[in-house]
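Asker: The structure file model.txt (compact mmCIF, N, CA and C atoms) is provided below.
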```txt
# COMPACT_ATOMS: atom_id res chain seq x y z
N MET A 291 0.84 -1.18 0.00
CA MET A 291 0.00 0.00 0.00
C MET A 291 0.88 1.24 0.00
N ASN A 292 0.77 2.06 -1.02
CA ASN A 292 1.51 3.32 -1.08
C ASN A 292 0.87 4.34 -0.14
N ILE A 293 1.73 5.16 0.49
CA ILE A 293 1.27 6.21 1.40
C ILE A 293 1.81 7.54 0.88
N THR A 294 0.93 8.51 0.76
CA THR A 294 1.35 9.84 0.31
C THR A 294 0.88 10.88 1.32
N PHE A 295 1.76 11.83 1.58
CA PHE A 295 1.45 12.95 2.47
C PHE A 295 1.53 14.24 1.68
N ASN A 296 0.55 15.10 1.89
CA ASN A 296 0.65 16.50 1.49
C ASN A 296 0.99 17.24 2.76
N ILE A 297 2.18 17.81 2.80
CA ILE A 297 2.63 18.53 3.98
C ILE A 297 2.74 20.01 3.59
N TYR A 298 1.91 20.83 4.23
CA TYR A 298 1.94 22.26 4.00
C TYR A 298 2.81 22.90 5.08
N TYR A 299 3.96 23.42 4.67
CA TYR A 299 4.84 24.13 5.58
C TYR A 299 4.41 25.59 5.58
N LYS A 300 4.06 26.11 6.75
CA LYS A 300 3.61 27.49 6.91
C LYS A 300 4.69 28.28 7.63
N SER A 301 4.88 29.54 7.21
CA SER A 301 5.93 30.36 7.81
C SER A 301 5.57 31.83 7.75
N LYS A 302 6.51 32.64 8.21
CA LYS A 302 6.46 34.09 8.04
C LYS A 302 7.71 34.49 7.26
N ASN A 303 7.64 35.62 6.62
CA ASN A 303 8.81 36.21 5.94
C ASN A 303 9.44 35.30 4.89
N GLY A 304 8.64 34.48 4.24
CA GLY A 304 9.17 33.62 3.18
C GLY A 304 10.05 32.49 3.66
N ASN A 305 9.99 32.16 4.95
CA ASN A 305 10.86 31.12 5.50
C ASN A 305 10.58 29.73 4.97
N ALA A 306 9.35 29.45 4.57
CA ALA A 306 9.04 28.11 4.03
C ALA A 306 9.80 27.90 2.73
N LYS A 307 9.84 28.93 1.89
CA LYS A 307 10.58 28.83 0.63
C LYS A 307 12.08 28.69 0.91
N LYS A 308 12.59 29.45 1.87
CA LYS A 308 14.01 29.36 2.24
C LYS A 308 14.34 27.95 2.74
N PHE A 309 13.43 27.37 3.51
CA PHE A 309 13.61 26.00 4.01
C PHE A 309 13.72 25.03 2.84
N ALA A 310 12.78 25.10 1.90
CA ALA A 310 12.78 24.18 0.75
C ALA A 310 14.06 24.36 -0.07
N GLU A 311 14.47 25.59 -0.27
CA GLU A 311 15.71 25.86 -1.01
C GLU A 311 16.92 25.26 -0.31
N GLU A 312 16.98 25.40 1.01
CA GLU A 312 18.11 24.82 1.75
C GLU A 312 18.06 23.29 1.73
N MET A 313 16.87 22.72 1.80
CA MET A 313 16.73 21.27 1.70
C MET A 313 17.31 20.77 0.38
N ILE A 314 17.06 21.49 -0.69
CA ILE A 314 17.55 21.10 -2.01
C ILE A 314 19.05 21.32 -2.11
N LYS A 315 19.50 22.52 -1.77
CA LYS A 315 20.92 22.88 -1.91
C LYS A 315 21.83 22.03 -1.03
N SER A 316 21.35 21.64 0.13
CA SER A 316 22.17 20.87 1.07
C SER A 316 22.30 19.39 0.68
N GLY A 317 21.46 18.95 -0.26
CA GLY A 317 21.49 17.55 -0.68
C GLY A 317 20.55 16.65 0.10
N ILE A 318 19.83 17.20 1.05
CA ILE A 318 18.92 16.38 1.86
C ILE A 318 17.81 15.81 0.99
N VAL A 319 17.29 16.58 0.05
CA VAL A 319 16.22 16.10 -0.82
C VAL A 319 16.69 14.88 -1.62
N GLU A 320 17.87 14.97 -2.21
CA GLU A 320 18.40 13.83 -2.97
C GLU A 320 18.65 12.63 -2.06
N GLU A 321 19.08 12.91 -0.84
CA GLU A 321 19.28 11.84 0.15
C GLU A 321 17.96 11.09 0.39
N ILE A 322 16.88 11.84 0.54
CA ILE A 322 15.57 11.24 0.78
C ILE A 322 15.10 10.46 -0.45
N ARG A 323 15.25 11.07 -1.62
CA ARG A 323 14.80 10.42 -2.85
C ARG A 323 15.55 9.11 -3.12
N SER A 324 16.76 8.99 -2.62
CA SER A 324 17.56 7.79 -2.85
C SER A 324 17.24 6.67 -1.87
N LYS A 325 16.44 6.97 -0.85
CA LYS A 325 16.11 5.95 0.16
C LYS A 325 15.20 4.88 -0.42
N LYS A 326 15.44 3.68 0.02
CA LYS A 326 14.60 2.55 -0.38
C LYS A 326 13.16 2.82 0.04
N GLY A 327 12.26 2.72 -0.91
CA GLY A 327 10.84 2.90 -0.61
C GLY A 327 10.31 4.29 -0.89
N ASN A 328 11.18 5.28 -1.16
CA ASN A 328 10.67 6.61 -1.48
C ASN A 328 10.20 6.63 -2.93
N LEU A 329 8.98 7.10 -3.14
CA LEU A 329 8.40 7.17 -4.47
C LEU A 329 8.38 8.59 -5.03
N ARG A 330 8.28 9.57 -4.13
CA ARG A 330 8.21 10.96 -4.57
C ARG A 330 8.52 11.87 -3.41
N TYR A 331 9.25 12.94 -3.70
CA TYR A 331 9.56 13.96 -2.71
C TYR A 331 9.76 15.26 -3.47
N GLU A 332 8.70 16.09 -3.54
CA GLU A 332 8.74 17.31 -4.34
C GLU A 332 8.04 18.47 -3.63
N TYR A 333 8.62 19.65 -3.82
CA TYR A 333 8.06 20.88 -3.26
C TYR A 333 7.31 21.68 -4.32
N PHE A 334 6.23 22.34 -3.89
CA PHE A 334 5.43 23.22 -4.74
C PHE A 334 5.04 24.44 -3.92
N MET A 335 4.80 25.55 -4.62
CA MET A 335 4.35 26.78 -3.94
C MET A 335 3.01 27.23 -4.50
N PRO A 336 2.06 27.57 -3.62
CA PRO A 336 0.80 28.14 -4.09
C PRO A 336 1.06 29.49 -4.77
N LEU A 337 0.29 29.80 -5.79
CA LEU A 337 0.49 31.05 -6.54
C LEU A 337 0.26 32.30 -5.70
N LYS A 338 -0.66 32.23 -4.74
CA LYS A 338 -1.03 33.44 -3.99
C LYS A 338 -0.57 33.42 -2.54
N ASP A 339 0.37 32.56 -2.19
CA ASP A 339 0.79 32.48 -0.79
C ASP A 339 2.29 32.26 -0.71
N ASP A 340 3.03 33.34 -0.48
CA ASP A 340 4.49 33.27 -0.41
C ASP A 340 5.00 32.64 0.88
N ASN A 341 4.11 32.38 1.81
CA ASN A 341 4.53 31.84 3.10
C ASN A 341 4.13 30.38 3.32
N THR A 342 3.80 29.70 2.23
CA THR A 342 3.46 28.28 2.30
C THR A 342 4.20 27.53 1.20
N VAL A 343 4.70 26.36 1.56
CA VAL A 343 5.27 25.44 0.59
C VAL A 343 4.59 24.10 0.80
N LEU A 344 4.19 23.46 -0.29
CA LEU A 344 3.58 22.14 -0.24
C LEU A 344 4.65 21.10 -0.58
N LEU A 345 4.78 20.10 0.27
CA LEU A 345 5.64 18.95 0.00
C LEU A 345 4.74 17.76 -0.29
N ILE A 346 4.96 17.11 -1.43
CA ILE A 346 4.30 15.83 -1.71
C ILE A 346 5.35 14.76 -1.45
N ASP A 347 5.07 13.93 -0.46
CA ASP A 347 6.02 12.94 0.06
C ASP A 347 5.34 11.58 0.01
N SER A 348 5.87 10.67 -0.83
CA SER A 348 5.20 9.40 -1.05
C SER A 348 6.15 8.23 -0.82
N TRP A 349 5.63 7.18 -0.17
CA TRP A 349 6.42 6.00 0.22
C TRP A 349 5.71 4.72 -0.17
N GLU A 350 6.50 3.67 -0.43
CA GLU A 350 5.93 2.37 -0.81
C GLU A 350 5.02 1.79 0.26
N ASP A 351 5.45 1.93 1.51
CA ASP A 351 4.68 1.34 2.61
C ASP A 351 5.10 1.95 3.94
N GLN A 352 4.41 1.56 4.99
CA GLN A 352 4.67 2.11 6.32
C GLN A 352 6.07 1.76 6.81
N ALA A 353 6.57 0.59 6.47
CA ALA A 353 7.91 0.19 6.91
C ALA A 353 8.98 1.13 6.34
N ALA A 354 8.86 1.49 5.07
CA ALA A 354 9.82 2.42 4.46
C ALA A 354 9.72 3.80 5.11
N LEU A 355 8.51 4.23 5.39
CA LEU A 355 8.30 5.51 6.05
C LEU A 355 8.88 5.49 7.47
N ASP A 356 8.65 4.41 8.20
CA ASP A 356 9.19 4.29 9.57
C ASP A 356 10.71 4.35 9.56
N GLU A 357 11.32 3.68 8.58
CA GLU A 357 12.78 3.71 8.48
C GLU A 357 13.28 5.14 8.23
N HIS A 358 12.58 5.85 7.37
CA HIS A 358 12.92 7.26 7.11
C HIS A 358 12.78 8.10 8.38
N HIS A 359 11.68 7.91 9.09
CA HIS A 359 11.44 8.70 10.30
C HIS A 359 12.49 8.45 11.38
N ASN A 360 13.10 7.28 11.38
CA ASN A 360 14.11 6.93 12.38
C ASN A 360 15.54 7.17 11.89
N SER A 361 15.69 7.86 10.77
CA SER A 361 17.01 8.05 10.16
C SER A 361 17.69 9.35 10.62
N GLU A 362 18.98 9.42 10.33
CA GLU A 362 19.74 10.65 10.57
C GLU A 362 19.22 11.77 9.68
N THR A 363 18.75 11.43 8.51
CA THR A 363 18.20 12.42 7.58
C THR A 363 17.03 13.15 8.23
N MET A 364 16.18 12.42 8.93
CA MET A 364 15.02 13.04 9.56
C MET A 364 15.46 14.04 10.62
N LYS A 365 16.54 13.74 11.33
CA LYS A 365 17.06 14.68 12.33
C LYS A 365 17.47 15.99 11.66
N LYS A 366 18.08 15.90 10.48
CA LYS A 366 18.48 17.11 9.73
C LYS A 366 17.24 17.93 9.33
N ILE A 367 16.21 17.23 8.90
CA ILE A 367 14.97 17.91 8.49
C ILE A 367 14.37 18.67 9.67
N ILE A 368 14.31 18.00 10.81
CA ILE A 368 13.74 18.62 12.01
C ILE A 368 14.54 19.86 12.41
N GLU A 369 15.86 19.78 12.32
CA GLU A 369 16.70 20.95 12.63
C GLU A 369 16.36 22.11 11.72
N LEU A 370 16.20 21.84 10.42
CA LEU A 370 15.86 22.92 9.49
C LEU A 370 14.46 23.46 9.72
N ARG A 371 13.52 22.59 10.05
CA ARG A 371 12.16 23.07 10.36
C ARG A 371 12.21 24.05 11.53
N ASN A 372 12.99 23.70 12.54
CA ASN A 372 13.11 24.58 13.71
C ASN A 372 13.83 25.86 13.34
N LYS A 373 14.88 25.77 12.54
CA LYS A 373 15.64 26.95 12.12
C LYS A 373 14.73 27.98 11.45
N TYR A 374 13.82 27.50 10.60
CA TYR A 374 12.94 28.40 9.85
C TYR A 374 11.58 28.59 10.53
N ASP A 375 11.41 28.06 11.73
CA ASP A 375 10.19 28.22 12.53
C ASP A 375 8.94 27.86 11.73
N LEU A 376 8.96 26.65 11.15
CA LEU A 376 7.85 26.20 10.32
C LEU A 376 6.78 25.52 11.15
N HIS A 377 5.56 25.68 10.70
CA HIS A 377 4.41 24.98 11.26
C HIS A 377 3.80 24.17 10.12
N MET A 378 3.16 23.07 10.45
CA MET A 378 2.77 22.12 9.41
C MET A 378 1.29 21.76 9.49
N ILE A 379 0.72 21.58 8.32
CA ILE A 379 -0.59 20.95 8.17
C ILE A 379 -0.32 19.70 7.34
N VAL A 380 -0.78 18.54 7.80
CA VAL A 380 -0.45 17.28 7.14
C VAL A 380 -1.73 16.54 6.75
N GLU A 381 -1.77 16.12 5.49
CA GLU A 381 -2.86 15.29 4.98
C GLU A 381 -2.24 13.96 4.55
N LYS A 382 -2.84 12.86 4.94
CA LYS A 382 -2.33 11.53 4.61
C LYS A 382 -3.31 10.83 3.67
N TYR A 383 -2.74 10.21 2.62
CA TYR A 383 -3.54 9.48 1.64
C TYR A 383 -2.92 8.10 1.42
N ALA A 384 -3.76 7.09 1.34
CA ALA A 384 -3.30 5.74 0.99
C ALA A 384 -3.83 5.43 -0.40
N LYS A 385 -3.03 4.72 -1.17
CA LYS A 385 -3.42 4.40 -2.54
C LYS A 385 -4.69 3.57 -2.53
N ASP A 386 -5.61 3.97 -3.38
CA ASP A 386 -6.88 3.27 -3.53
C ASP A 386 -6.85 2.57 -4.88
N ASP A 387 -6.89 1.26 -4.87
CA ASP A 387 -6.79 0.49 -6.11
C ASP A 387 -8.15 0.24 -6.77
N THR A 388 -9.16 0.99 -6.39
CA THR A 388 -10.46 0.79 -7.03
C THR A 388 -10.38 1.17 -8.50
N ASP A 389 -11.31 0.68 -9.25
CA ASP A 389 -11.35 0.89 -10.70
C ASP A 389 -11.49 2.38 -11.03
N MET A 390 -10.65 2.85 -11.93
CA MET A 390 -10.67 4.26 -12.35
C MET A 390 -11.61 4.51 -13.52
N GLU A 391 -12.30 3.50 -14.02
CA GLU A 391 -13.15 3.64 -15.22
C GLU A 391 -14.11 4.81 -15.10
N ASN A 392 -14.77 4.95 -13.97
CA ASN A 392 -15.76 6.01 -13.81
C ASN A 392 -15.14 7.40 -13.84
N ASN A 393 -13.86 7.50 -13.58
CA ASN A 393 -13.19 8.80 -13.53
C ASN A 393 -12.50 9.18 -14.83
N LYS A 394 -12.30 8.24 -15.72
CA LYS A 394 -11.52 8.48 -16.93
C LYS A 394 -12.10 9.59 -17.81
N LYS A 395 -13.42 9.74 -17.83
CA LYS A 395 -14.02 10.74 -18.69
C LYS A 395 -13.70 12.17 -18.22
N PHE A 396 -13.17 12.32 -17.01
CA PHE A 396 -12.83 13.63 -16.47
C PHE A 396 -11.33 13.94 -16.59
N ILE A 397 -10.56 13.00 -17.11
CA ILE A 397 -9.10 13.15 -17.18
C ILE A 397 -8.69 13.38 -18.62
N ARG A 398 -8.06 14.48 -18.86
CA ARG A 398 -7.58 14.81 -20.20
C ARG A 398 -6.12 14.43 -20.29
N LYS A 399 -5.77 13.62 -21.27
CA LYS A 399 -4.37 13.21 -21.44
C LYS A 399 -3.79 13.87 -22.65
```
Would you write out, as structure tokens, the structure that this file holds?
Answerer:
Amino acid sequence: MNITFNIYYKSKNGNAKKFAEEMIKSGIVEEIRSKKGNLRYEYFMPLKDDNTVLLIDSWEDQAALDEHHNSETMKKIIELRNKYDLHMIVEKYAKDDTDMENNKKFIRK
């Protein structure tokens, strides 16, 4: 079962963007992407909110996520979150393998 999180990092003074930039520049993002079980790790910014960054973070299963959470990499992430005084809103999604037939007419490829 794949697990995906939408993590909204909230800040003041553009700190969420600075956090994401430092995560990328420091190599932490590539470190996470190279971990066994990581499927996606990408940042996005809302068009009208300079103080929020969305992270889409996806893992093969809970075991891979648990391993990540117990890693040295996670300690680095927590340090940066504290440095930039970020607050988080987290949404969790599990892959739903139900038939997509009913939805296909709404998807433009």
Asker: With distances taken over only C-alpha atoms, which residue among A:Asn292, A:Met364, A:Lys307, A:Leu376 lies nearest Leu329 in chain A?
Answerer: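 Closest to Leu329 in chain A of all the choices is A:Asn292.
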Asker: In Å, rounded to a single decimal, give me how far atom N of Asn303 in chain A is from atom N of Glu362 in chain A.
Answerer: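 According to the coordinates, atom N of Glu362 in chain A and atom N of Asn303 in chain A are separated by 28.8 Å.
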Asker: Go through chain A and collect every residue that DSSP, computed from the backbone, puts in strand (DSSP E); the answer should be as a VMD selection string.
Answerer: chain A and resid 293 to 300 328 to 334 342 to 349 377 to 384
Asker: Calculated over only C-alpha atoms, which of the candidates A:Glu357, A:Glu369, A:Asp375, A:Asp386 has the smallest distance to Ile322 in chain A?
Answerer: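 Looking at the shortest contact to Ile322 in chain A, the residue is A:Glu357.
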Asker: Go through A:Asn372, A:Asn392, A:Gln352, A:Thr363 one by one, measure the shortest atom-to-atom distance of each to Gly327 in chain A using only C-alpha atoms, and give the residue with the smallest value.
Answerer: A:Gln352
Asker: Between A:Leu337, A:Ile367, A:Ile297, A:Val319, which residue has the minimum interatomic distance to Tyr383 in chain A, considering only C-alpha atoms?
Answerer: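 The shortest atom-to-atom distance to Tyr383 in chain A comes from A:Ile297.
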Asker: Of the candidates A:Val380, A:Ala353, A:Leu370, A:Met335, which shows the shortest atom-to-atom distance to Met313 in chain A, using all atoms listed in the file?
Answerer: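 Closest candidate: A:Leu370.
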Asker: In the coordinate frame of the file, compute which residues have an atom within 12 Å of (-0.6, 32.5, 1.5) when using only C-alpha atoms, and state them as a PyMOL selection string.
Answerer: chain A and resi 298-304+306-307+335-344
Asker: Just list the residues in range 300-343 of chain A DSSP gives alpha helix (DSSP H) on the backbone, as a VMD selection string.
Answerer: chain A and resid 305 to 315 318 to 323
Asker: Report, in Å to a single decimal, how far apart atom N of Asn305 in chain A and CA of Asp347 in chain A are.
Answerer: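 Computed distance, CA of Asp347 in chain A to atom N of Asn305 in chain A, equals 20.2 Å.
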Asker: Could you please determine the separation between atom C of Tyr333 in chain A and atom N of Ser361 in chain A in Å, to one decimal place?
Answerer: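 Between atom C of Tyr333 in chain A and atom N of Ser361 in chain A the gap is 22.1 Å.
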Asker: Smallest atom-to-atom distance to Asn296 in chain A: which of A:Tyr374, A:Tyr331, A:Phe396, A:Phe309, using only C-alpha atoms?
Answerer: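 Under the stated criterion, the closest residue is A:Tyr331.
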